[in-house]
file query.cif (mmCIF, C-alpha atoms and all ligand atoms)
data_start
loop_
_atom_site.group_PDB
_atom_site.id
_atom_site.type_symbol
_atom_site.label_atom_id
_atom_site.label_comp_id
_atom_site.auth_asym_id
_atom_site.auth_seq_id
_atom_site.Cartn_x
_atom_site.Cartn_y
_atom_site.Cartn_z
ATOM 1 C CA MET A 11 -4.869 -16.038 20.030
ATOM 2 C CA LEU A 12 -1.272 -15.818 21.202
ATOM 3 C CA SER A 13 0.204 -18.042 23.824
ATOM 4 C CA GLY A 14 1.590 -16.585 27.014
ATOM 5 C CA ARG A 15 0.314 -13.852 29.216
ATOM 6 C CA PRO A 16 -2.956 -11.968 28.737
ATOM 7 C CA LEU A 17 -3.174 -8.731 26.805
ATOM 8 C CA ARG A 18 -3.565 -5.678 29.066
ATOM 9 C CA ALA A 19 -5.907 -2.896 27.933
ATOM 10 C CA VAL A 20 -5.923 0.437 29.773
ATOM 11 C CA HIS A 21 -9.423 1.870 29.623
ATOM 12 C CA HIS A 22 -11.361 4.049 32.087
ATOM 13 C CA PRO A 23 -14.418 6.350 32.214
ATOM 14 C CA LEU A 24 -12.057 9.278 32.833
ATOM 15 C CA PHE A 25 -11.177 9.110 29.127
ATOM 16 C CA GLY A 26 -14.848 9.817 28.388
ATOM 17 C CA ARG A 27 -14.977 12.930 30.550
ATOM 18 C CA HIS A 28 -12.736 14.920 28.204
ATOM 19 C CA GLU A 29 -15.451 16.727 26.256
ATOM 20 C CA PRO A 30 -14.739 19.651 23.921
ATOM 21 C CA TRP A 31 -17.260 22.359 24.747
ATOM 22 C CA ARG A 32 -18.447 22.933 21.213
ATOM 23 C CA PRO A 33 -19.369 20.366 18.533
ATOM 24 C CA HIS A 34 -16.174 18.495 17.727
ATOM 25 C CA VAL A 35 -15.167 15.272 15.954
ATOM 26 C CA GLU A 36 -12.954 14.258 18.897
ATOM 27 C CA ASP A 37 -15.800 14.029 21.421
ATOM 28 C CA SER A 38 -16.968 11.475 23.984
ATOM 29 C CA SER A 39 -18.772 9.396 21.341
ATOM 30 C CA ARG A 40 -15.281 8.052 20.664
ATOM 31 C CA TYR A 41 -14.961 6.916 24.282
ATOM 32 C CA ARG A 42 -18.326 5.174 24.102
ATOM 33 C CA ALA A 43 -17.277 3.386 20.899
ATOM 34 C CA VAL A 44 -14.086 2.185 22.600
ATOM 35 C CA ALA A 45 -16.042 1.118 25.690
ATOM 36 C CA ARG A 46 -18.352 -1.030 23.549
ATOM 37 C CA ALA A 47 -15.325 -2.605 21.870
ATOM 38 C CA VAL A 48 -13.648 -3.364 25.214
ATOM 39 C CA SER A 49 -16.854 -4.956 26.569
ATOM 40 C CA ALA A 50 -17.195 -7.124 23.468
ATOM 41 C CA ALA A 51 -13.520 -8.094 23.670
ATOM 42 C CA GLU A 52 -13.860 -9.055 27.337
ATOM 43 C CA ALA A 53 -16.795 -11.318 26.441
ATOM 44 C CA ALA A 54 -14.944 -12.872 23.505
ATOM 45 C CA LEU A 55 -11.484 -13.245 25.029
ATOM 46 C CA GLY A 56 -12.164 -14.218 28.642
ATOM 47 C CA ASP A 57 -8.984 -14.396 30.695
ATOM 48 C CA GLN A 58 -6.788 -13.574 27.680
ATOM 49 C CA LEU A 59 -7.637 -9.883 28.287
ATOM 50 C CA THR A 60 -7.273 -7.851 31.476
ATOM 51 C CA VAL A 61 -8.577 -4.296 31.713
ATOM 52 C CA ALA A 62 -6.450 -2.016 33.886
ATOM 53 C CA ALA A 63 -7.025 1.431 35.356
ATOM 54 C CA PRO A 64 -4.872 4.352 34.202
ATOM 55 C CA HIS A 65 -1.767 5.794 35.839
ATOM 56 C CA VAL A 66 -1.515 9.560 36.151
ATOM 57 C CA ALA A 67 1.616 11.277 34.820
ATOM 58 C CA THR A 68 3.454 13.649 37.135
ATOM 59 C CA ARG A 69 4.842 17.040 36.127
ATOM 60 C CA ASP A 70 8.337 15.500 36.164
ATOM 61 C CA ASP A 71 7.223 12.712 33.811
ATOM 62 C CA LEU A 72 6.082 15.285 31.258
ATOM 63 C CA LEU A 73 9.203 17.424 31.616
ATOM 64 C CA ARG A 74 11.233 14.603 30.088
ATOM 65 C CA LEU A 75 9.941 15.697 26.662
ATOM 66 C CA HIS A 76 7.759 18.798 27.144
ATOM 67 C CA THR A 77 8.863 22.267 28.214
ATOM 68 C CA ALA A 78 8.157 23.518 31.737
ATOM 69 C CA GLY A 79 6.349 26.530 30.327
ATOM 70 C CA TYR A 80 3.925 24.357 28.364
ATOM 71 C CA VAL A 81 3.385 21.764 31.114
ATOM 72 C CA ASP A 82 2.670 24.450 33.734
ATOM 73 C CA HIS A 83 0.311 26.233 31.327
ATOM 74 C CA VAL A 84 -1.705 23.025 30.871
ATOM 75 C CA LEU A 85 -1.643 22.075 34.569
ATOM 76 C CA ALA A 86 -2.981 25.520 35.483
ATOM 77 C CA LEU A 87 -6.060 24.780 33.343
ATOM 78 C CA MET A 88 -7.101 21.758 35.415
ATOM 79 C CA GLY A 89 -10.810 22.006 36.195
ATOM 80 C CA GLU A 90 -11.436 24.701 33.615
ATOM 81 C CA GLN A 91 -12.843 25.065 30.137
ATOM 82 C CA ALA A 92 -10.166 26.383 27.841
ATOM 83 C CA ALA A 93 -8.708 26.248 24.336
ATOM 84 C CA LEU A 94 -5.052 25.292 23.876
ATOM 85 C CA ASP A 95 -5.413 26.204 20.197
ATOM 86 C CA HIS A 96 -8.342 26.715 17.839
ATOM 87 C CA GLU A 97 -9.164 22.985 17.729
ATOM 88 C CA THR A 98 -7.656 21.525 20.917
ATOM 89 C CA LEU A 99 -10.283 22.264 23.554
ATOM 90 C CA LEU A 100 -10.292 21.414 27.245
ATOM 91 C CA SER A 101 -13.263 20.718 29.501
ATOM 92 C CA GLU A 102 -13.112 20.539 33.299
ATOM 93 C CA ASP A 103 -11.773 16.955 33.323
ATOM 94 C CA SER A 104 -9.593 17.139 30.204
ATOM 95 C CA VAL A 105 -6.257 17.836 31.906
ATOM 96 C CA GLU A 106 -6.805 14.931 34.275
ATOM 97 C CA ALA A 107 -7.658 12.708 31.286
ATOM 98 C CA ALA A 108 -4.577 13.866 29.372
ATOM 99 C CA LEU A 109 -2.370 13.161 32.400
ATOM 100 C CA ALA A 110 -3.902 9.688 32.643
ATOM 101 C CA GLY A 111 -3.247 8.991 28.966
ATOM 102 C CA ALA A 112 0.381 10.044 29.182
ATOM 103 C CA GLY A 113 0.962 8.316 32.528
ATOM 104 C CA SER A 114 -0.615 5.087 31.312
ATOM 105 C CA CYS A 115 1.682 5.008 28.279
ATOM 106 C CA ILE A 116 4.745 5.624 30.455
ATOM 107 C CA GLU A 117 3.682 2.980 32.978
ATOM 108 C CA ALA A 118 2.921 0.501 30.194
ATOM 109 C CA ALA A 119 6.427 0.927 28.761
ATOM 110 C CA GLU A 120 7.953 0.387 32.208
ATOM 111 C CA ALA A 121 5.768 -2.675 32.885
ATOM 112 C CA ILE A 122 6.685 -4.253 29.553
ATOM 113 C CA MET A 123 10.408 -3.599 30.057
ATOM 114 C CA ALA A 124 10.132 -5.062 33.586
ATOM 115 C CA ALA A 125 8.627 -8.202 31.968
ATOM 116 C CA GLU A 126 5.388 -7.835 33.936
ATOM 117 C CA VAL A 127 3.358 -8.007 30.724
ATOM 118 C CA ASP A 128 4.107 -8.551 27.025
ATOM 119 C CA ARG A 129 1.513 -6.432 25.235
ATOM 120 C CA VAL A 130 -0.449 -3.378 26.409
ATOM 121 C CA VAL A 131 -3.090 -1.382 24.535
ATOM 122 C CA VAL A 132 -3.737 2.075 25.998
ATOM 123 C CA LEU A 133 -7.030 3.639 24.885
ATOM 124 C CA PRO A 134 -6.717 7.285 25.909
ATOM 125 C CA ARG A 135 -8.518 10.486 25.037
ATOM 126 C CA PRO A 136 -7.264 13.043 24.154
ATOM 127 C CA PRO A 137 -4.848 11.482 21.628
ATOM 128 C CA GLY A 138 -1.161 12.410 21.536
ATOM 129 C CA HIS A 139 0.832 12.177 18.313
ATOM 130 C CA HIS A 140 0.523 15.812 17.171
ATOM 131 C CA ALA A 141 1.550 17.403 20.502
ATOM 132 C CA GLU A 142 4.987 19.024 20.405
ATOM 133 C CA ALA A 143 7.386 19.977 23.206
ATOM 134 C CA ASP A 144 5.848 23.374 23.835
ATOM 135 C CA ARG A 145 2.385 23.210 22.359
ATOM 136 C CA ALA A 146 -0.810 21.272 21.855
ATOM 137 C CA MET A 147 -1.875 20.537 18.310
ATOM 138 C CA GLY A 148 -4.557 18.665 16.389
ATOM 139 C CA PHE A 149 -6.653 17.611 19.442
ATOM 140 C CA CYS A 150 -3.476 16.296 21.176
ATOM 141 C CA VAL A 151 -2.171 17.568 24.540
ATOM 142 C CA PHE A 152 0.797 15.376 25.555
ATOM 143 C CA GLY A 153 2.999 13.120 23.396
ATOM 144 C CA ASN A 154 1.789 9.752 24.689
ATOM 145 C CA ALA A 155 3.731 7.495 22.300
ATOM 146 C CA ALA A 156 6.924 9.566 22.553
ATOM 147 C CA LEU A 157 6.772 9.618 26.364
ATOM 148 C CA ALA A 158 6.396 5.817 26.314
ATOM 149 C CA ALA A 159 9.425 5.461 24.035
ATOM 150 C CA GLU A 160 11.568 7.679 26.259
ATOM 151 C CA ALA A 161 10.450 5.755 29.350
ATOM 152 C CA ALA A 162 11.336 2.449 27.685
ATOM 153 C CA LEU A 163 14.867 3.654 26.932
ATOM 154 C CA ARG A 164 15.307 4.699 30.561
ATOM 155 C CA ALA A 165 13.981 1.305 31.610
ATOM 156 C CA GLY A 166 16.761 -0.412 29.687
ATOM 157 C CA ALA A 167 15.588 -0.841 26.103
ATOM 158 C CA GLY A 168 18.482 -0.374 23.691
ATOM 159 C CA ARG A 169 16.247 0.665 20.797
ATOM 160 C CA VAL A 170 12.523 1.393 20.514
ATOM 161 C CA LEU A 171 10.579 1.841 17.278
ATOM 162 C CA VAL A 172 7.371 3.888 17.098
ATOM 163 C CA VAL A 173 5.183 2.964 14.119
ATOM 164 C CA ASP A 174 2.378 5.474 13.480
ATOM 165 C CA PHE A 175 -0.364 4.500 11.021
ATOM 166 C CA ASP A 176 -2.866 7.262 11.806
ATOM 167 C CA VAL A 177 -3.922 8.948 8.544
ATOM 168 C CA HIS A 178 -2.232 12.158 9.759
ATOM 169 C CA HIS A 179 1.532 12.613 10.150
ATOM 170 C CA GLY A 180 2.868 11.829 13.638
ATOM 171 C CA ASN A 181 4.726 15.135 13.709
ATOM 172 C CA GLY A 182 4.758 15.475 17.473
ATOM 173 C CA THR A 183 6.158 12.002 18.120
ATOM 174 C CA GLU A 184 8.845 12.597 15.502
ATOM 175 C CA ALA A 185 9.825 16.005 16.910
ATOM 176 C CA LEU A 186 9.802 14.916 20.567
ATOM 177 C CA LEU A 187 12.113 11.961 19.839
ATOM 178 C CA ALA A 188 14.336 13.565 17.197
ATOM 179 C CA HIS A 189 17.205 13.976 19.702
ATOM 180 C CA LEU A 190 17.050 10.276 20.658
ATOM 181 C CA PRO A 191 18.290 8.128 17.759
ATOM 182 C CA ALA A 192 17.681 5.026 19.892
ATOM 183 C CA ALA A 193 13.963 5.869 19.613
ATOM 184 C CA GLY A 194 13.098 5.526 15.940
ATOM 185 C CA THR A 195 9.897 6.858 14.397
ATOM 186 C CA VAL A 196 8.106 5.968 11.188
ATOM 187 C CA SER A 197 4.815 7.451 10.077
ATOM 188 C CA PHE A 198 2.496 6.156 7.347
ATOM 189 C CA HIS A 199 0.003 8.905 6.525
ATOM 190 C CA SER A 200 -1.873 10.778 3.825
ATOM 191 C CA GLU A 201 0.618 13.184 2.311
ATOM 192 C CA ARG A 202 0.348 16.724 3.750
ATOM 193 C CA LEU A 203 -3.191 16.163 5.052
ATOM 194 C CA PHE A 204 -2.243 17.393 8.539
ATOM 195 C CA PRO A 205 0.044 19.048 9.393
ATOM 196 C CA GLN A 206 0.398 20.490 5.911
ATOM 197 C CA ASP A 207 4.124 21.187 6.226
ATOM 198 C CA THR A 208 5.579 17.997 7.758
ATOM 199 C CA GLY A 209 5.845 14.304 6.976
ATOM 200 C CA ASP A 210 7.383 14.375 3.513
ATOM 201 C CA GLU A 211 9.166 11.199 2.416
ATOM 202 C CA ALA A 212 12.213 10.703 4.659
ATOM 203 C CA SER A 213 14.751 7.930 5.268
ATOM 204 C CA ASP A 214 17.170 9.260 7.858
ATOM 205 C CA SER A 215 18.641 6.069 9.308
ATOM 206 C CA ALA A 216 21.266 7.959 11.322
ATOM 207 C CA ARG A 217 18.585 9.810 13.297
ATOM 208 C CA ALA A 218 16.110 6.928 12.947
ATOM 209 C CA ILE A 219 13.416 9.115 11.369
ATOM 210 C CA TRP A 220 11.397 7.700 8.518
ATOM 211 C CA ASN A 221 8.277 8.958 6.753
ATOM 212 C CA ARG A 222 6.240 7.075 4.192
ATOM 213 C CA PRO A 223 3.494 9.403 2.951
ATOM 214 C CA LEU A 224 0.811 7.807 0.779
ATOM 215 C CA GLY A 225 -1.668 9.335 -1.636
ATOM 216 C CA ALA A 226 -4.882 11.036 -0.605
ATOM 217 C CA ARG A 227 -7.033 8.068 -1.681
ATOM 218 C CA ALA A 228 -4.736 5.208 -0.654
ATOM 219 C CA ASP A 229 -6.403 1.848 -0.108
ATOM 220 C CA GLY A 230 -5.654 -0.803 2.490
ATOM 221 C CA GLU A 231 -3.587 -2.892 0.118
ATOM 222 C CA THR A 232 -1.225 0.017 -0.501
ATOM 223 C CA LEU A 233 -0.925 0.733 3.220
ATOM 224 C CA LEU A 234 -0.243 -2.936 4.029
ATOM 225 C CA ARG A 235 2.340 -3.276 1.266
ATOM 226 C CA THR A 236 4.147 -0.107 2.373
ATOM 227 C CA VAL A 237 4.204 -1.068 6.046
ATOM 228 C CA ALA A 238 5.337 -4.626 5.261
ATOM 229 C CA ARG A 239 8.173 -3.360 3.077
ATOM 230 C CA PHE A 240 9.347 -0.950 5.786
ATOM 231 C CA LEU A 241 9.252 -3.624 8.490
ATOM 232 C CA GLU A 242 11.203 -6.095 6.341
ATOM 233 C CA ARG A 243 13.914 -3.586 5.490
ATOM 234 C CA GLU A 244 14.443 -0.558 7.742
ATOM 235 C CA GLY A 245 12.462 -2.001 10.661
ATOM 236 C CA ALA A 246 14.380 -5.270 10.688
ATOM 237 C CA ALA A 247 17.713 -3.444 10.328
ATOM 238 C CA PHE A 248 16.854 -1.150 13.256
ATOM 239 C CA ASP A 249 15.951 -4.290 15.257
ATOM 240 C CA PRO A 250 14.125 -2.650 18.200
ATOM 241 C CA GLU A 251 13.584 -4.285 21.583
ATOM 242 C CA LEU A 252 10.118 -2.724 21.955
ATOM 243 C CA LEU A 253 7.548 -1.883 19.289
ATOM 244 C CA ILE A 254 5.271 1.059 20.047
ATOM 245 C CA VAL A 255 2.302 1.575 17.744
ATOM 246 C CA ALA A 256 0.429 4.870 17.426
ATOM 247 C CA ALA A 257 -2.818 3.408 16.142
ATOM 248 C CA GLY A 258 -5.185 5.800 14.417
ATOM 249 C CA PHE A 259 -8.143 4.427 12.507
ATOM 250 C CA ASP A 260 -9.099 7.647 10.703
ATOM 251 C CA GLY A 261 -8.003 6.180 7.360
ATOM 252 C CA HIS A 262 -11.005 3.831 7.518
ATOM 253 C CA ALA A 263 -13.219 3.908 4.422
ATOM 254 C CA ASP A 264 -16.179 5.007 6.580
ATOM 255 C CA ASP A 265 -14.237 7.813 8.340
ATOM 256 C CA ALA A 266 -14.949 11.284 6.929
ATOM 257 C CA MET A 267 -11.577 12.595 8.178
ATOM 258 C CA SER A 268 -9.756 11.388 5.073
ATOM 259 C CA GLU A 269 -10.283 9.748 1.701
ATOM 260 C CA TRP A 270 -8.239 6.675 2.549
ATOM 261 C CA GLN A 271 -10.143 3.473 1.910
ATOM 262 C CA VAL A 272 -8.856 1.058 4.570
ATOM 263 C CA SER A 273 -11.312 -1.599 5.796
ATOM 264 C CA THR A 274 -11.643 -3.004 9.312
ATOM 265 C CA GLU A 275 -10.316 -6.334 8.034
ATOM 266 C CA GLU A 276 -7.258 -4.626 6.552
ATOM 267 C CA TYR A 277 -6.549 -2.855 9.846
ATOM 268 C CA ALA A 278 -6.698 -6.283 11.525
ATOM 269 C CA VAL A 279 -4.144 -7.590 9.005
ATOM 270 C CA LEU A 280 -1.976 -4.527 9.679
ATOM 271 C CA LEU A 281 -2.045 -5.201 13.437
ATOM 272 C CA THR A 282 -1.162 -8.834 12.708
ATOM 273 C CA LEU A 283 1.873 -7.721 10.671
ATOM 274 C CA LEU A 284 2.998 -5.483 13.529
ATOM 275 C CA ARG A 285 2.368 -8.181 16.142
ATOM 276 C CA ASP A 286 4.424 -10.670 14.122
ATOM 277 C CA PHE A 287 7.240 -8.118 13.774
ATOM 278 C CA ALA A 288 7.217 -7.666 17.569
ATOM 279 C CA GLU A 289 7.318 -11.436 18.001
ATOM 280 C CA ARG A 290 10.335 -11.764 15.700
ATOM 281 C CA HIS A 291 12.354 -8.745 16.833
ATOM 282 C CA CYS A 292 11.094 -7.638 20.248
ATOM 283 C CA ALA A 293 10.399 -10.941 22.047
ATOM 284 C CA GLY A 294 6.712 -10.024 21.687
ATOM 285 C CA ARG A 295 7.044 -6.670 23.479
ATOM 286 C CA MET A 296 4.426 -4.309 22.022
ATOM 287 C CA LEU A 297 2.680 -1.183 23.284
ATOM 288 C CA VAL A 298 -0.218 0.338 21.357
ATOM 289 C CA THR A 299 -1.737 3.741 22.052
ATOM 290 C CA LEU A 300 -4.896 4.940 20.351
ATOM 291 C CA GLU A 301 -4.688 8.081 18.244
ATOM 292 C CA GLY A 302 -7.464 9.104 15.821
ATOM 293 C CA GLY A 303 -10.555 7.385 14.426
ATOM 294 C CA TYR A 304 -13.666 9.544 14.153
ATOM 295 C CA ASP A 305 -16.434 7.307 12.833
ATOM 296 C CA PRO A 306 -17.754 5.698 16.040
ATOM 297 C CA MET A 307 -18.927 2.487 14.359
ATOM 298 C CA ALA A 308 -15.667 2.003 12.452
ATOM 299 C CA LEU A 309 -13.655 2.867 15.570
ATOM 300 C CA GLU A 310 -15.558 0.299 17.642
ATOM 301 C CA GLU A 311 -14.983 -2.394 15.007
ATOM 302 C CA CYS A 312 -11.303 -1.576 14.625
ATOM 303 C CA VAL A 313 -10.556 -1.484 18.362
ATOM 304 C CA LEU A 314 -12.349 -4.809 18.848
ATOM 305 C CA ALA A 315 -10.439 -6.338 15.938
ATOM 306 C CA MET A 316 -7.164 -4.976 17.341
ATOM 307 C CA LEU A 317 -7.784 -6.429 20.811
ATOM 308 C CA LYS A 318 -8.583 -9.823 19.263
ATOM 309 C CA VAL A 319 -5.400 -9.798 17.171
ATOM 310 C CA LEU A 320 -3.212 -8.860 20.126
ATOM 311 C CA ALA A 321 -4.770 -11.129 22.789
HETATM 312 ZN ZN ZN A 401 -5.437 11.372 12.680
#
call {"tool": "encode", "arguments": {"input": "query.cif", "output": "structure tokens"}}
result
Amino acid sequence: MLSGRPLRAVHHPLFGRHEPWRPHVEDSSRYRAVARAVSAAEAALGDQLTVAAPHVATRDDLLRLHTAGYVDHVLALMGEQAALDHETLLSEDSVEAALAGAGSCIEAAEAIMAAEVDRVVVLPRPPGHHAEADRAMGFCVFGNAALAAEAALRAGAGRVLVVDFDVHHGNGTEALLAHLPAAGTVSFHSERLFPQDTGDEASDSARAIWNRPLGARADGETLLRTVARFLEREGAAFDPELLIVAAGFDGHADDAMSEWQVSTEEYAVLLTLLRDFAERHCAGRMLVTLEGGYDPMALEECVLAMLKVLA
């Protein structure tokens, strides 16, 4: 348990009302898994954890990184069932949920930079790291982590680093922030799993874009070693004032989404590494947003472990 102020988690039933209208891996069972984890964390952590309600993003908030054409297209689908692409489906409450996810990430970045809180974990559905400026992709509607990074820069951060350890490449986050070298991105993912044409090995320090693809059957030890090496070298050299983590747990050994073999305990060690990096370089400032994780039991365990590490 860390000293100082309590961890803030942003969690709300609205995130459970986004429900793809045909059988889908990104369904409300994920919300229920997160809700069980938050309840268990509240019981275990007492006043070291506060659970906060979401903030809703405005159209102007989204226009900072998304195109007007795309934002207006999505907003017009509020209250309707629709498909943004073949696998990113909207139910009646999905747009409201997506706005709450994006707005909560933006507000969390502002609250951390205003020194109201040190660490925030946002637990939104739908996730965000595949969404690009003008389109939804891979179950993601708005670029939650990227919007948080941009908000942090406007709130005075000199440099922000987004670390994405979802098993899929954080293509949207990378693309949305590519014009902002003060907002660095690094993604650790299974090589060319999804998208199949982005995320190849990259070390572009001038633009602050790094990619560290791993093999299809990578284990937790390999992931931990690769993340630790990046943080010690490129991460430390970049020296951000805020660490943003796009946390996807779909590389878990029990998750059918990939063949990665990461255990719950190894994800807890990974979050500890990231927390310690934030302590050393960012005065403890850390914002986590949930991305993937499709085995409900593994997701529940990993979210609980994450909240315990960060509280
Ligand atoms: Zn994923």
call {"tool": "closest_atom_pairs", "arguments": {"input": "query.cif", "of": "chain A", "to": "ligand ZN 401 (chain A)", "cutoff": "8 Å", "atoms": "all atoms listed in the file", "output": "JSON lines"}}
result
{"residue": "A:Asp176", "atom": "CA", "partner": "A:ZN401", "partner_atom": "ZN", "distance": 4.9}
{"residue": "A:Val177", "atom": "CA", "partner": "A:ZN401", "partner_atom": "ZN", "distance": 5.0}
{"residue": "A:His178", "atom": "CA", "partner": "A:ZN401", "partner_atom": "ZN", "distance": 4.4}
{"residue": "A:His179", "atom": "CA", "partner": "A:ZN401", "partner_atom": "ZN", "distance": 7.5}
{"residue": "A:Phe204", "atom": "CA", "partner": "A:ZN401", "partner_atom": "ZN", "distance": 8.0}
{"residue": "A:Gly258", "atom": "CA", "partner": "A:ZN401", "partner_atom": "ZN", "distance": 5.8}
{"residue": "A:Phe259", "atom": "CA", "partner": "A:ZN401", "partner_atom": "ZN", "distance": 7.5}
{"residue": "A:Asp260", "atom": "CA", "partner": "A:ZN401", "partner_atom": "ZN", "distance": 5.6}
{"residue": "A:Gly261", "atom": "CA", "partner": "A:ZN401", "partner_atom": "ZN", "distance": 7.9}
{"residue": "A:Met267", "atom": "CA", "partner": "A:ZN401", "partner_atom": "ZN", "distance": 7.7}
{"residue": "A:Glu301", "atom": "CA", "partner": "A:ZN401", "partner_atom": "ZN", "distance": 6.5}
{"residue": "A:Gly302", "atom": "CA", "partner": "A:ZN401", "partner_atom": "ZN", "distance": 4.4}
{"residue": "A:Gly303", "atom": "CA", "partner": "A:ZN401", "partner_atom": "ZN", "distance": 6.7}
call {"tool": "resolve_selection", "arguments": {"input": "query.cif", "expression": "the PyMOL selection byres (((chain A and resi 135) around 9) and not hetatm)", "output": "list in words"}}
result
Leu24, Phe25, Gly26, Arg27, His28, Glu36, Asp37, Ser38, Arg40, Tyr41, Ser104, Ala107, Ala108, Ala110, Gly111, Leu133, Pro134, Pro136, Pro137, Gly138, Cys150, Leu300 and Glu301 of chain A
call {"tool": "resolve_selection", "arguments": {"input": "query.cif", "expression": "the PyMOL selection byres (((chain A and resi 181) around 10) and not hetatm)", "output": "PDB file with C-alpha atoms, keeping the file's coordinate frame"}}
result
ATOM      1  CA  HIS A 139       0.832  12.177  18.313  1.00  0.00           C
ATOM      2  CA  HIS A 140       0.523  15.812  17.171  1.00  0.00           C
ATOM      3  CA  ALA A 141       1.550  17.403  20.502  1.00  0.00           C
ATOM      4  CA  GLU A 142       4.987  19.024  20.405  1.00  0.00           C
ATOM      5  CA  MET A 147      -1.875  20.537  18.310  1.00  0.00           C
ATOM      6  CA  ASP A 174       2.378   5.474  13.480  1.00  0.00           C
ATOM      7  CA  HIS A 178      -2.232  12.158   9.759  1.00  0.00           C
ATOM      8  CA  HIS A 179       1.532  12.613  10.150  1.00  0.00           C
ATOM      9  CA  GLY A 180       2.868  11.829  13.638  1.00  0.00           C
ATOM     10  CA  GLY A 182       4.758  15.475  17.473  1.00  0.00           C
ATOM     11  CA  THR A 183       6.158  12.002  18.120  1.00  0.00           C
ATOM     12  CA  GLU A 184       8.845  12.597  15.502  1.00  0.00           C
ATOM     13  CA  ALA A 185       9.825  16.005  16.910  1.00  0.00           C
ATOM     14  CA  LEU A 186       9.802  14.916  20.567  1.00  0.00           C
ATOM     15  CA  THR A 195       9.897   6.858  14.397  1.00  0.00           C
ATOM     16  CA  SER A 197       4.815   7.451  10.077  1.00  0.00           C
ATOM     17  CA  PHE A 204      -2.243  17.393   8.539  1.00  0.00           C
ATOM     18  CA  PRO A 205       0.044  19.048   9.393  1.00  0.00           C
ATOM     19  CA  ASP A 207       4.124  21.187   6.226  1.00  0.00           C
ATOM     20  CA  THR A 208       5.579  17.997   7.758  1.00  0.00           C
ATOM     21  CA  GLY A 209       5.845  14.304   6.976  1.00  0.00           C
ATOM     22  CA  ASN A 221       8.277   8.958   6.753  1.00  0.00           C
TER      23      ASN A 221
END
call {"tool": "residues_around", "arguments": {"input": "query.cif", "residues": "Leu73 of chain A", "least_positions_apart": "4", "cutoff": "12 Å", "atoms": "only C-alpha atoms", "output": "ChimeraX atom specification"}}
result
/A:67-69,77-82,112,143-144,152-153,157,160-161,186
call {"tool": "write_last_selection", "arguments": {"input": "query.cif", "atoms": "C-alpha atoms", "output": "PDB file, in the coordinates of the input"}}
result
ATOM      1  CA  ALA A  67       1.616  11.277  34.820  1.00  0.00           C
ATOM      2  CA  THR A  68       3.454  13.649  37.135  1.00  0.00           C
ATOM      3  CA  ARG A  69       4.842  17.040  36.127  1.00  0.00           C
ATOM      4  CA  THR A  77       8.863  22.267  28.214  1.00  0.00           C
ATOM      5  CA  ALA A  78       8.157  23.518  31.737  1.00  0.00           C
ATOM      6  CA  GLY A  79       6.349  26.530  30.327  1.00  0.00           C
ATOM      7  CA  TYR A  80       3.925  24.357  28.364  1.00  0.00           C
ATOM      8  CA  VAL A  81       3.385  21.764  31.114  1.00  0.00           C
ATOM      9  CA  ASP A  82       2.670  24.450  33.734  1.00  0.00           C
ATOM     10  CA  ALA A 112       0.381  10.044  29.182  1.00  0.00           C
ATOM     11  CA  ALA A 143       7.386  19.977  23.206  1.00  0.00           C
ATOM     12  CA  ASP A 144       5.848  23.374  23.835  1.00  0.00           C
ATOM     13  CA  PHE A 152       0.797  15.376  25.555  1.00  0.00           C
ATOM     14  CA  GLY A 153       2.999  13.120  23.396  1.00  0.00           C
ATOM     15  CA  LEU A 157       6.772   9.618  26.364  1.00  0.00           C
ATOM     16  CA  GLU A 160      11.568   7.679  26.259  1.00  0.00           C
ATOM     17  CA  ALA A 161      10.450   5.755  29.350  1.00  0.00           C
ATOM     18  CA  LEU A 186       9.802  14.916  20.567  1.00  0.00           C
TER      19      LEU A 186
END
call {"tool": "closest_residue", "arguments": {"input": "query.cif", "among": "A:Ala321, A:Ala246, A:Ala86, A:Gly294", "to": "Ala54 of chain A", "atoms": "all atoms listed in the file"}}
result
A:Ala321
call {"tool": "closest_residue", "arguments": {"input": "query.cif", "among": "A:Glu251, A:Asp214, A:Glu90, A:Glu310", "to": "Arg169 of chain A", "atoms": "all atoms listed in the file"}}
result
A:Glu251
call {"tool": "closest_residue", "arguments": {"input": "query.cif", "among": "A:Ala192, A:Ile254, A:Leu203, A:Val44", "to": "Arg295 of chain A", "atoms": "only C-alpha atoms"}}
result
A:Ile254
call {"tool": "closest_residue", "arguments": {"input": "query.cif", "among": "A:Glu231, A:Trp270, A:Gly168, A:Leu187", "to": "Leu252 of chain A", "atoms": "only C-alpha atoms"}}
result
A:Gly168
call {"tool": "atom_distance", "arguments": {"input": "query.cif", "atom1": "atom CA of His83 of chain A", "atom2": "atom CA of Val151 of chain A"}}
result
11.3 Å
call {"tool": "atom_distance", "arguments": {"input": "query.cif", "atom1": "atom CA of Arg164 of chain A", "atom2": "atom CA of Pro64 of chain A"}}
result
20.5 Å
call {"tool": "resolve_selection", "arguments": {"input": "query.cif", "expression": "the PyMOL selection byres (((chain A and resi 123) around 9) and not hetatm)", "output": "list in words"}}
result
Ala118, Ala119, Glu120, Ala121, Ile122, Ala124, Ala125, Glu126, Val127, Asp128, Ala162, Ala165, Gly166, Ala167, Leu252 and Arg295 of chain A
call {"tool": "atom_distance", "arguments": {"input": "query.cif", "atom1": "atom CA of Ser101 of chain A", "atom2": "atom CA of Ala158 of chain A"}}
result
24.9 Å
call {"tool": "residues_near_point", "arguments": {"input": "query.cif", "point": "(0.8, -1.4, 20.8)", "cutoff": "7 Å", "atoms": "all atoms listed in the file", "output": "list in words"}}
result
Arg129, Val130, Val131, Leu253, Ile254, Val255, Met296, Leu297, Val298 and Thr299 of chain A
call {"tool": "closest_residue", "arguments": {"input": "query.cif", "among": "A:Ala278, A:Ala216, A:Asp305, A:Arg15", "to": "Leu317 of chain A", "atoms": "only C-alpha atoms"}}
result
A:Ala278
